[in-house]
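Read through the structure below, which is laid out as structure tokens, and then see the notes.
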Amino acid sequence: MTRARPADYPQAAAATLRDTPEVRDAVTAATRTFDTHRRESWAQIDAERWRDWCRDVKDHVLTHLDDLLEQAEVRLVANGATVHWAEGAYDALATLGRIVDAEGVRRVVKAKSMLTEELGVNTFLEGRGVHVRETDLGEYIIQLLGEPPSHIVGPAIHRSVDDCRRLFHRHFGTPLDATPEALAATARQALREEFLAADLGISGCNFLVAETGTLALIENEGNIRLSTSAPRVHVAFVGIEKILPRMVDLSGFLQITARGATGQPIGTYVSLIRGPRGEGESDGPEQVHVVLVDNGRTTLLADDVAWETLRCVRCGACLNICPVYRQTGGHPYGFTYSGPIGAILAPALLGLEEAMPLPFASSLCGACADVCPVRIPIPDLLLHWRARAVEAGLTPLGERVAMRAYAAAAERPGGFSGAGSLLRYVPWKRGGRALPVLGGWSAERDPPEISARPFHKLWREGIE
Amino acid sequence: MSAARDRIFGRVRAAVHGRKRTDHPGDFLGWRPASSVTDAVAGFTEMFTAAGGEVVRLASMGLASTWLRDFAAGFTGVALGASLPDDFVPDFSLAQPESAELGVSTAVGAVAETGSLVLDARDGRRVQLLPPTHVVLLRKEVVYPTLAEALEVVSRDPPSAVGLHSGPSKSADIGQILVKGVHGPGRVIALLVG
Ligand code: SF4
């Protein structure tokens, strides 16, 4: 595994830029494409109204979460599913281990799921001698490479067609000039056998509808539909914040998530799963297990400022537009979730000390807040965690002083742009700590040319 | 119930307690009001085609059955969904979904605003997913303008699983180049009757 810890972020980011400059090209190209599609797709709809509606539904969910979780559990059980509760990764994996043992599971197919990355499901299963196969094409590629995902939606966006050609040549002997179609056909064939031979399918979940106990999963390839229906047992890992109250609420969320992620009106495939195979159905799993996972989410929910982070639908729009993420992709963040959302989730899910310096890995340009479909105020929350870090003495003194001034400026109306403008006048010094907020970061990088105009102004003018 | 469950609920209640509660904002309004079925059919056709799906529209079940017989002649091995009407099925060379080149099934609904076919698990999920080409019989009467309406209708008598299929299987995971038919069918045809 090439993954670093968040603490290594400055060095890992610098190393990525220095040693593998092609990663920046691939990530920038892919994220710009995603973002262009999102922008075109949002232009067709009343996006501002949609975003308000989605924010309000999620706030409703988060302020009624106890009742809605209870309702979802009752419905799932009535549907014939088995519900498990996991406080942390350890519990979640132990639950999975019990199912694997009880069912004599030898082969597992996995549908793409960030929560299972967060929990470390693959390593756990492999450690028990269980054969695990990722089935999303991007996840399959990085599994063969032994890498973690570098983007929430496109796990392999840091890899070029040529990288994939070389990888498939090594594994399957396909020619080095194979077309993407030929490579995909090779993967299709290999994975088709995996689907049909697996005893267990593992998935995440995009939304869990409380009123009906329905799991909703979004994808484009069909691997989630197959992973959740071909094997005889299905285990879904679900973050407790994934609840939606009503079936009809899905209509808004399925659409805005797809439009935010890739600009599609809806994912090519949506699976709406209530439970195990019903009477008179010729296929589908005999058992459905739903593991409801906390793993730090209740700590975040209790934070009077940062709880809004739990509205996230993991669309990746904030990554796609982030000028900092675009430089390196997700690996240097050293955390399952990268980019702006990763920088505000890490302090909550890992603990602030462990997450340092991710809340500082941002130019605070504000672009992420402009695109988030559930209107999470990401720059405000970055400042929130920075201020906490300063309070906790987790930053060097110079940064602490600068942060106080920065936070104070940012709290005033118009202060956000003011603070950014101020920052431009702080002198850069090679290898030095002169740029206070970015001290550790700048030490690893050559000082950039300071633009005559602030970044966020250029951004809004469409010049990058 | 487990101790883990109790502790999670305890923490959720403590976190939510005292926080201002947000009301549910009410129904989501679709992005494209389509009030009549004629509009819905046109809307579905436009969106499904834009996503790479194909639509063949025929006036009657008889004509659709004839079309299907001709179309299926080009395939060795056809898998059939369980809810296909008996008189609709010509004598194909039948096969299991695992080996069939063509899958034929029936949609319980379709959605104009998203260009989606609504597929029911009682029809068989493998036939909807495994064969490389998928023909889906769709009656005009069950094309709904909005996703919310379609979801409401399928919730009345829900199977264990529903699939919304909006075009052929696709992926851009290899160097951002769009490839069709990665796991699900690379070709999907809505056989629209009425
Ligand atoms: S924070 Fe917002 S933009 Fe970023 S992944 Fe979550 S929902 Fe999408």
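Chain identifiers are assigned as A, B, and so on, following the order in which chains appear in the structure tokens; residues are numbered from 1 within each chain, and ligands are numbered from 1 in order of appearance.
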Using only C-alpha atoms and all ligand atoms, determine which residues fall within 6 Å of ligand 1, then list them as an NGL selection string. :A and (312-318 or 341 or 371-374 or 376)
Give me, as an MDAnalysis selection string, the residues of chain B touching chain A, with the criterion being at most 7 Å (counting only C-alpha atoms). chainID B and resid 4:5 8:9 11:13 15:16 21:25 28 31 114 121:122 124:125 147:148 151:152 159:167 169:171 173:176 179 182:184
Give me, as an MDAnalysis selection string, the residues of stretch 48-135 of chain B that a backbone DSSP run labels strand (DSSP E or B). chainID B and resid 54:58 78:80 94 102:111 116:120 133:135
As an exercise, work out the distance from atom CA of A:Leu76 to atom CA of A:Glu241 in Å and give it to one decimal place.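 Atom CA of A:Leu76 sits 16.2 Å away from atom CA of A:Glu241.
Of the listed residues (A:Arg133, A:Arg106, A:His289, A:His331), A:His331 comes nearest to A:Ala14; the distances count only C-alpha atoms.
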Would you pick out the contacts of B:Pro132 at 10 Å or less, using only C-alpha atoms, so that residues sharing its chain but fewer than 6 positions from it are not included, and give the list as a list of chain:residue names?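 Once the nearby chain positions are removed, what remains is B:Pro97, B:Ser99, B:Ala100, B:Glu101, B:Leu102, B:Gly103, B:Pro168, B:Ser169, B:Gly181, B:Val182, B:His183, B:Gly184, B:Pro185, B:Gly186, B:Arg187, B:Val188.
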How would you write, as a ChimeraX atom specification, the set of residues in stretch 111-358 of chain A that DSSP gives as helix (DSSP H, G or I)? /A:114-119,121-127,137-145,161-172,180-197,223-227,240-242,249-261,297-302,306-311,317-321,325-328,331-333,339-350,352-355,358
Neighbours of A:Leu358 within 10 Å (only C-alpha atoms; same-chain residues fewer than 3 positions away dropped), as a PyMOL selection string? chain A and resi 6-10+332-335+338-340+342-347+352+354-355+361-362+382+385-386
